[in-house]
Every structure is written in C-alpha cells, then in structure tokens.
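*Asks:* Provided herewith: my_file_39.tsv, TSV, C-alpha atoms.
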```tsv
chain	number	residue	atom	x	y	z
A	20	MET	CA	134.09	27.63	-72.68
A	21	ALA	CA	135.68	26.67	-69.39
A	22	ASN	CA	133.41	26.09	-66.44
A	23	LEU	CA	134.27	28.66	-63.76
A	24	SER	CA	133.67	27.69	-60.14
A	25	ILE	CA	134.11	29.56	-56.91
A	26	SER	CA	135.34	27.83	-53.82
A	27	PRO	CA	133.08	27.87	-50.75
A	28	VAL	CA	135.63	29.96	-48.80
A	29	ILE	CA	135.76	32.70	-51.43
A	30	LYS	CA	131.99	32.62	-51.73
A	31	ALA	CA	131.65	33.10	-47.97
A	32	ILE	CA	134.07	36.03	-48.02
A	33	ILE	CA	132.14	37.71	-50.85
A	34	ILE	CA	128.85	37.27	-48.97
A	35	MET	CA	130.38	38.80	-45.82
A	36	ILE	CA	131.70	41.81	-47.78
A	37	ILE	CA	128.31	42.38	-49.43
A	38	ALA	CA	126.54	42.09	-46.06
A	39	PHE	CA	128.96	44.58	-44.51
A	40	PHE	CA	128.33	47.21	-47.20
A	41	LEU	CA	124.57	46.68	-47.03
A	42	TYR	CA	124.68	47.21	-43.28
A	43	ALA	CA	126.81	50.32	-43.66
A	44	CYS	CA	124.46	51.76	-46.27
A	45	GLY	CA	121.47	51.04	-44.07
A	46	SER	CA	122.95	52.78	-41.07
A	47	GLY	CA	123.96	55.73	-43.24
A	48	ASP	CA	120.36	56.18	-44.38
A	49	ASP	CA	119.24	56.30	-40.76
A	50	ASP	CA	121.82	58.99	-39.94
A	51	ASN	CA	120.80	61.11	-42.92
A	52	SER	CA	117.17	60.80	-41.94
A	53	THR	CA	117.99	62.04	-38.45
A	54	LEU	CA	119.95	65.02	-39.77
A	55	ASN	CA	117.18	65.92	-42.21
A	56	ASP	CA	114.73	66.04	-39.32
A	57	LEU	CA	116.87	68.76	-37.69
A	58	ASN	CA	116.22	71.64	-40.06
A	59	ILE	CA	118.54	74.61	-40.26
A	60	CYS	CA	117.17	77.84	-38.80
A	61	THR	CA	118.56	81.34	-38.41
A	62	LYS	CA	118.92	82.76	-34.93
A	63	THR	CA	119.87	86.27	-33.83
A	64	SER	CA	121.59	86.71	-30.51
A	65	ILE	CA	123.90	89.24	-28.92
A	66	TYR	CA	126.22	86.33	-28.27
A	67	TYR	CA	126.69	85.77	-32.03
A	68	CYS	CA	127.90	89.33	-32.62
A	69	PRO	CA	131.58	89.74	-33.60
A	70	SER	CA	133.78	90.42	-30.59
A	71	PRO	CA	135.23	93.75	-31.91
A	72	VAL	CA	131.83	95.47	-31.60
A	73	PHE	CA	131.99	95.13	-27.82
A	74	GLN	CA	135.11	97.31	-27.77
A	75	ASP	CA	133.14	100.40	-28.88
A	76	PRO	CA	132.81	102.55	-25.74
A	77	PHE	CA	129.53	104.03	-27.01
A	78	GLY	CA	127.94	100.69	-27.91
A	79	ILE	CA	126.80	101.96	-31.32
A	80	ALA	CA	128.86	99.33	-33.17
A	81	LEU	CA	126.91	96.60	-31.40
A	82	THR	CA	123.64	98.21	-32.46
A	83	PHE	CA	124.70	98.35	-36.11
A	84	ALA	CA	126.00	94.77	-35.94
A	85	TRP	CA	122.57	93.64	-34.74
A	86	TYR	CA	120.78	95.59	-37.45
A	87	SER	CA	123.10	94.54	-40.30
A	88	GLY	CA	122.77	90.82	-39.62
A	89	GLN	CA	126.24	90.28	-38.17
A	90	CYS	CA	124.60	88.81	-35.05
A	91	THR	CA	122.61	86.21	-37.00
A	92	GLU	CA	123.87	82.68	-37.60
A	93	GLU	CA	122.53	79.40	-38.96
A	94	VAL	CA	121.70	76.96	-36.18
A	95	LEU	CA	119.77	73.72	-35.79
A	96	CYS	CA	116.10	74.36	-35.12
A	97	LYS	CA	116.29	73.74	-31.39
A	98	GLU	CA	117.22	75.65	-28.28
A	99	ASP	CA	120.90	76.40	-27.81
A	100	SER	CA	121.66	75.25	-24.27
A	101	ASN	CA	125.02	77.05	-24.34
A	102	LEU	CA	123.42	80.50	-24.29
A	103	PRO	CA	122.75	82.11	-20.90
A	104	GLU	CA	119.17	82.05	-19.72
A	105	ALA	CA	117.14	85.12	-20.61
A	106	ASP	CA	114.79	86.93	-18.26
A	107	PRO	CA	111.82	87.78	-20.52
A	108	PRO	CA	109.90	89.94	-18.00
A	109	GLN	CA	112.88	92.28	-17.71
A	110	GLY	CA	113.95	91.96	-21.36
A	111	VAL	CA	117.54	91.27	-20.40
A	112	ILE	CA	120.17	88.59	-20.97
A	113	ASN	CA	122.02	88.41	-17.66
A	114	ASP	CA	123.22	90.70	-14.89
A	115	ASP	CA	126.84	90.74	-16.02
A	116	PHE	CA	125.93	91.82	-19.53
A	117	ILE	CA	123.61	94.53	-18.24
A	118	ALA	CA	126.28	95.92	-15.96
A	119	ALA	CA	128.89	96.01	-18.72
A	120	ASN	CA	126.68	97.18	-21.59
A	121	TRP	CA	123.31	98.77	-22.12
A	122	THR	CA	120.37	96.35	-22.15
A	123	SER	CA	118.38	97.44	-19.13
A	124	THR	CA	115.14	99.04	-18.03
A	125	VAL	CA	117.09	102.14	-17.02
A	126	ILE	CA	119.43	103.43	-19.73
A	127	LYS	CA	122.58	105.21	-18.69
A	128	ASP	CA	123.24	108.38	-20.64
A	129	THR	CA	126.53	108.26	-22.56
A	130	GLU	CA	128.27	111.44	-23.57
A	131	PRO	CA	129.02	112.66	-26.10
A	132	ASN	CA	125.86	111.63	-27.94
A	133	ASN	CA	125.36	114.74	-30.05
A	134	LEU	CA	125.61	112.88	-33.40
A	135	PHE	CA	123.86	109.87	-34.92
A	136	GLU	CA	127.16	107.99	-34.76
A	137	GLN	CA	127.37	108.64	-31.00
A	138	ALA	CA	123.80	107.62	-30.17
A	139	THR	CA	123.23	105.76	-26.91
A	140	PRO	CA	121.92	102.31	-27.96
A	141	PHE	CA	119.50	99.85	-26.38
A	142	ILE	CA	117.09	97.05	-27.32
A	143	LEU	CA	113.38	97.28	-26.54
A	144	ARG	CA	111.49	94.03	-25.91
A	145	PRO	CA	107.74	93.40	-25.65
A	146	GLN	CA	106.14	93.95	-22.24
A	147	ASN	CA	109.10	96.02	-21.21
A	148	GLY	CA	110.03	99.67	-20.99
A	149	VAL	CA	113.10	101.81	-20.71
A	150	SER	CA	113.76	105.25	-19.32
A	151	ILE	CA	116.65	107.67	-19.44
A	152	THR	CA	117.21	110.76	-17.32
A	153	SER	CA	119.61	113.39	-18.62
A	154	SER	CA	119.72	117.00	-19.71
A	155	VAL	CA	120.34	119.20	-22.73
A	156	ASP	CA	121.87	122.64	-22.82
A	157	SER	CA	121.24	125.25	-25.48
A	158	SER	CA	124.88	126.31	-25.59
A	159	SER	CA	126.96	123.18	-24.90
A	160	ASP	CA	124.74	120.09	-25.42
A	161	PRO	CA	121.69	120.92	-27.55
A	162	ILE	CA	120.88	117.34	-28.75
A	163	ASP	CA	120.91	113.85	-27.23
A	164	TYR	CA	120.65	110.91	-29.65
A	165	LEU	CA	119.40	107.41	-28.84
A	166	ALA	CA	119.53	104.36	-31.12
A	167	PHE	CA	117.20	101.44	-30.47
A	168	ILE	CA	116.07	98.14	-31.97
A	169	LEU	CA	112.74	96.42	-31.42
A	170	ASP	CA	113.10	92.75	-30.49
A	171	GLY	CA	109.53	91.67	-31.05
A	172	GLU	CA	106.49	93.65	-32.17
A	173	PRO	CA	105.47	95.92	-29.32
A	174	THR	CA	103.08	98.83	-29.69
A	175	ILE	CA	105.07	101.54	-28.03
A	176	THR	CA	104.67	105.00	-26.58
A	177	ILE	CA	107.58	107.43	-26.46
A	178	TYR	CA	107.21	110.52	-24.31
A	179	LEU	CA	108.94	113.16	-22.24
A	180	CYS	CA	107.80	113.26	-18.62
A	181	ALA	CA	106.23	116.46	-17.39
A	182	THR	CA	109.30	116.77	-15.14
A	183	PRO	CA	112.12	114.30	-14.38
A	184	THR	CA	110.22	113.30	-11.23
A	185	ASP	CA	106.67	113.30	-12.65
A	186	CYS	CA	105.92	110.84	-15.45
A	187	LEU	CA	102.13	110.73	-15.07
A	188	GLN	CA	99.92	112.34	-17.68
A	189	PRO	CA	99.76	115.07	-18.76
A	190	TRP	CA	103.21	114.64	-20.26
A	191	TYR	CA	105.67	117.42	-20.98
A	192	ALA	CA	104.04	120.10	-23.13
A	193	GLY	CA	106.49	122.96	-22.61
A	194	PRO	CA	108.04	125.13	-25.33
A	195	ASP	CA	111.72	124.31	-24.75
A	196	LEU	CA	112.18	120.58	-25.54
A	197	TYR	CA	110.94	118.39	-28.38
A	198	LEU	CA	111.49	114.92	-29.89
A	199	GLU	CA	112.41	113.67	-33.36
A	200	LEU	CA	112.15	110.08	-34.62
A	201	TYR	CA	114.27	108.75	-37.51
A	202	ASP	CA	114.64	105.48	-39.41
A	203	GLU	CA	117.91	103.56	-39.78
A	204	ASN	CA	118.91	105.79	-42.69
A	205	GLN	CA	118.56	108.88	-40.51
A	206	VAL	CA	115.44	109.96	-42.40
A	207	LEU	CA	113.05	111.96	-40.23
A	208	LEU	CA	109.82	110.03	-39.58
A	209	ASP	CA	108.07	112.25	-37.06
A	210	SER	CA	108.62	115.25	-34.81
A	211	THR	CA	106.94	116.89	-31.83
A	212	ASP	CA	108.20	120.30	-32.92
A	213	GLU	CA	104.50	121.14	-32.79
A	214	PRO	CA	103.27	118.97	-29.91
A	215	SER	CA	100.02	117.07	-30.10
A	216	PHE	CA	97.19	117.18	-27.57
A	217	HIS	CA	99.16	114.69	-25.45
A	218	GLY	CA	102.27	116.87	-25.39
A	219	HIS	CA	105.71	115.82	-26.59
A	220	ALA	CA	104.96	112.16	-27.29
A	221	PHE	CA	104.83	109.58	-30.07
A	222	THR	CA	101.88	107.30	-29.31
A	223	GLY	CA	101.61	103.97	-31.11
A	224	PRO	CA	104.10	104.48	-33.96
A	225	PHE	CA	104.23	101.57	-36.40
A	226	LEU	CA	107.80	100.37	-35.98
A	227	ASP	CA	109.15	97.10	-37.40
A	228	ASP	CA	110.64	94.21	-35.49
A	229	GLY	CA	114.42	93.95	-35.89
A	230	GLN	CA	114.82	97.42	-37.39
A	231	GLN	CA	116.93	100.20	-35.95
A	232	TYR	CA	115.56	103.65	-35.18
A	233	PHE	CA	117.05	106.88	-33.88
A	234	LEU	CA	115.45	109.24	-31.41
A	235	SER	CA	116.68	112.72	-30.52
A	236	ILE	CA	115.83	114.97	-27.60
A	237	ARG	CA	116.38	118.60	-28.60
A	238	ILE	CA	116.33	122.01	-27.01
A	239	ARG	CA	115.23	125.04	-29.01
A	240	GLU	CA	117.84	127.62	-29.94
A	241	THR	CA	115.76	130.30	-28.26
A	242	SER	CA	115.85	128.50	-24.89
A	243	GLN	CA	118.58	129.39	-22.43
A	244	GLY	CA	120.48	127.24	-19.96
A	245	GLU	CA	120.32	123.56	-18.99
A	246	TYR	CA	117.07	121.59	-19.10
A	247	PRO	CA	116.86	118.22	-17.32
A	248	TYR	CA	114.46	115.66	-18.78
A	249	LYS	CA	113.24	112.10	-18.38
A	250	LEU	CA	112.35	110.12	-21.50
A	251	VAL	CA	110.24	106.96	-21.31
A	252	ILE	CA	109.68	104.32	-24.00
A	253	THR	CA	107.17	101.69	-23.01
A	254	ASP	CA	105.23	98.84	-24.57
```
The structure in this file should be written as structure tokens.
*Replies:*
Amino acid sequence: MANLSISPVIKAIIIMIIAFFLYACGSGDDDNSTLNDLNICTKTSIYYCPSPVFQDPFGIALTFAWYSGQCTEEVLCKEDSNLPEADPPQGVINDDFIAANWTSTVIKDTEPNNLFEQATPFILRPQNGVSITSSVDSSSDPIDYLAFILDGEPTITIYLCATPTDCLQPWYAGPDLYLELYDENQVLLDSTDEPSFHGHAFTGPFLDDGQQYFLSIRIRETSQGEYPYKLVITD
C-alpha cells in the first residue's frame, strides 16, 4: 500500500478550518443558551388588539377582542419598553387613549345601548372604580347595558346611588329601577328585582379575572317617565 503524506501547508489549512468550525459551534451554543434564558410568555394588552376593533363606535368589538384572546400575544418574558406607561392608581393607559375610547374612572354613556351588542364597555382594575350617570325611560329607553372586564382580581361592589348626587349609603332602594348581572354568554347571574337589605346593589360578587360580564340598569314597565341614575362599580 502506498504511503500517503500530507504537506505541511495542507495540514495547516485543515487545522485552521477545523478551528474555525469549532469556534463557530462554540459561539452558537452561547447564543442558544442566551435565547433559552428568555422564556416565551403571553401578554394581554389593548395595544395588541387588531386595529379594526377600534373602528366600532360603541367599543363593544374591543371588549370582545379582549375577552376572546385577540389581544394576547407571545412575548419574551420581560417588560415591553415600546408600550406606553400605565398609571396603575387610575387604572388607565394614557390620556389620549382615555379621551378617544372608554377606559376611565368616569364612563361616558353611549346610546343606543339597549341591547347586549350595544353595551357600553369598560375595563375595571384593582383599587379603582368607575361611575356612569345616565337615565332610563319607561317608554323610549327602558334598559341600559354595560359590558366590563376585570383586569385583576378585585372584590367589587356594584350599586345604584340613592340619587345621582348622593352616593352615600343607604343606596337606592326605590321601586322603579333595578339591576341585572350576566355572564359573557348573556346568562343571568343575579338580579336586584327584589332588592336586598342594602338596596339595589351587588356586594362582593365572585367574578373572574379576564372574563367579560354584562350589567343592565332597568326601569319597571309600571313606572312612568324618565328616571336619572348614577351607577358605581368599585373595588
């Protein structure tokens, strides 16, 4: 058998090629290790919602997008510096968004809101409260619907003020208005058709974080004329 020999130049080239690949492999392992340390998380934000939902004048499409998971994306498990700063004490994103939409401590009544599909939407955050002042009319506007999502796990109280200018206890206990609470499937959960000792109020209902609920303010068929009200939901 012939004796094969490799020239020193070729041998040096082979060694350099091997060293190059070993270096490349080593650096690749370091990169993979770094990526593995950054685990993938899911994050829900209004800013991840599809843009068409913001074109709904009633805002209900945005509420359903939040509930259905369309506002949730996979992100690295770290803060996203591109998102605007939140203001946790007020439970809001930023002033511009509040002005253009509906996340605020004072909810603006949107009409018509006589159907579930027309419900005025908002998000309730822990250590925050919302209020809405409006009216119902037995002949022309007998029901107002609200749709809300809990962002967090607050223990909440929902009540009608004694009058639109008096929200101290005792709460509204009159015969003309009452409240109904529904789940996301529009199934009735509770009603103040027969008010409790506290009046027309839901105190401490067990509601789930991230779920949507509906709330209606109703006037009885036997009542006549327009009845102003103030509704408060507070943590």
*Asks:* CA of Asp254 in chain A to CA of Ile177 in chain A: how many Å, to one decimal?
*Replies:*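 Separating CA of Asp254 in chain A from CA of Ile177 in chain A is a distance of 9.1 Å.
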*Asks:* Ranking A:Ile59, A:Ala192, A:Ile252, A:Ala84 by minimum distance to His217 in chain A and counting all atoms listed in the file, which one comes first?
*Replies:*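 Under the stated criterion, the closest residue is A:Ala192.
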*Asks:* Enter the distance from CA of Gly148 in chain A to CA of Lys127 in chain A, in Å, rounded to one decimal.
*Replies:*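 So the answer is 13.9 Å.
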*Asks:* Rank nothing, just name the residue among A:Thr222, A:Ser70, A:Asn133, A:Thr176 nearest to Ser159 in chain A, using only C-alpha atoms.
*Replies:*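 With only C-alpha atoms as the atom set, the closest residue is A:Asn133.
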*Asks:* Of the candidates A:Arg237, A:Leu165, A:Gln89, A:Asp170, which shows the shortest atom-to-atom distance to Phe135 in chain A, using all atoms listed in the file?
*Replies:*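 Residue with the minimum atom-to-atom distance to Phe135 in chain A: A:Leu165.
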*Asks:* With distances taken over all atoms listed in the file, which residue among A:Cys68, A:Ile175, A:Ile162, A:Val125 lies nearest Arg144 in chain A?
*Replies:*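 Closest to Arg144 in chain A of all the choices is A:Ile175.
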*Asks:* Could you pull the residues within 12 Å of Ser215 in chain A, counting all atoms listed in the file, minus those fewer than 4 positions along the same chain, as a VMD selection string?
*Replies:* chain A and resid 178 189 to 193 197 to 198 209 to 211 219 to 222
*Asks:* Could you jot down the CA of Glu172 in chain A to CA of Ala138 in chain A separation for me, Å, one decimal place?
*Replies:*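 Computed distance, CA of Glu172 in chain A to CA of Ala138 in chain A, equals 22.3 Å.
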*Asks:* Find the smallest box with edges along x, y and z containing every listed atom of range 198-211 of chain A, then add 6 Å on each side and report centre and edge lengths in Å to one decimal, as JSON.
*Replies:*
```
{"center_x": 112.9, "center_y": 110.2, "center_z": -36.3, "size_x": 24.0, "size_y": 25.3, "size_z": 24.8}
```
*Asks:* Counting all atoms listed in the file, which residue out of A:Asp195, A:Asp202, A:Asp163, A:Glu136 sits closest to Gln230 in chain A?
*Replies:*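 Using all atoms listed in the file, Gln230 in chain A sits closest to A:Asp202.
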*Asks:* Looking at only C-alpha atoms, which of A:Ile126, A:Leu234, A:Cys180, A:Leu187 is the one that sits closest to Tyr248 in chain A?
*Replies:*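 The closest residue to Tyr248 in chain A is A:Cys180.
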*Asks:* For Val149 in chain A, find every residue with an atom within 9 Å (counting all atoms listed in the file), except residues of its own chain fewer than 5 positions away, and show them as a PyMOL selection string.
*Replies:* chain A and resi 123-126+141+143+250-253
*Asks:* Output C-alpha atoms for every residue in the selection just made, as an mmCIF file, in the frame of the given file.
*Replies:*
```cif
data_model
loop_
_atom_site.group_PDB
_atom_site.id
_atom_site.type_symbol
_atom_site.label_atom_id
_atom_site.label_comp_id
_atom_site.auth_asym_id
_atom_site.auth_seq_id
_atom_site.Cartn_x
_atom_site.Cartn_y
_atom_site.Cartn_z
ATOM 1 C CA SER A 123 118.380 97.440 -19.130
ATOM 2 C CA THR A 124 115.140 99.040 -18.030
ATOM 3 C CA VAL A 125 117.090 102.140 -17.020
ATOM 4 C CA ILE A 126 119.430 103.430 -19.730
ATOM 5 C CA PHE A 141 119.500 99.850 -26.380
ATOM 6 C CA LEU A 143 113.380 97.280 -26.540
ATOM 7 C CA LEU A 250 112.350 110.120 -21.500
ATOM 8 C CA VAL A 251 110.240 106.960 -21.310
ATOM 9 C CA ILE A 252 109.680 104.320 -24.000
ATOM 10 C CA THR A 253 107.170 101.690 -23.010
#
```
*Asks:* Using all atoms listed in the file, determine which residues lie at most 10 Å from Leu208 in chain A, disregarding the query and same-chain residues fewer than 4 positions distant; provide the list as number ranges by chain.
*Replies:* A: 199-202, 224, 232-234
*Asks:* Using all atoms listed in the file, which residues sit within 7 Å of Lys249 in chain A once same-chain residues fewer than 2 positions away are excluded, as a ChimeraX atom specification?
*Replies:* /A:150-153,179-180,182-183,251
*Asks:* Give as a list in words the set of residues within 8 Å of the point (107.6, 100.9, -34.4), where distances use the file's coordinates and only C-alpha atoms.
*Replies:*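 Looking at atoms near the point gives Leu169, Glu172, Pro173, Thr174, Ile175, Gly223, Pro224, Phe225, Leu226, Asp227 and Asp228 of chain A.
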*Asks:* Find the residues around Ser242 in chain A up to 9 Å (all atoms listed in the file counted), leave out those fewer than 6 positions away in its own chain, and share them as a count of residues only.
*Replies:* 5
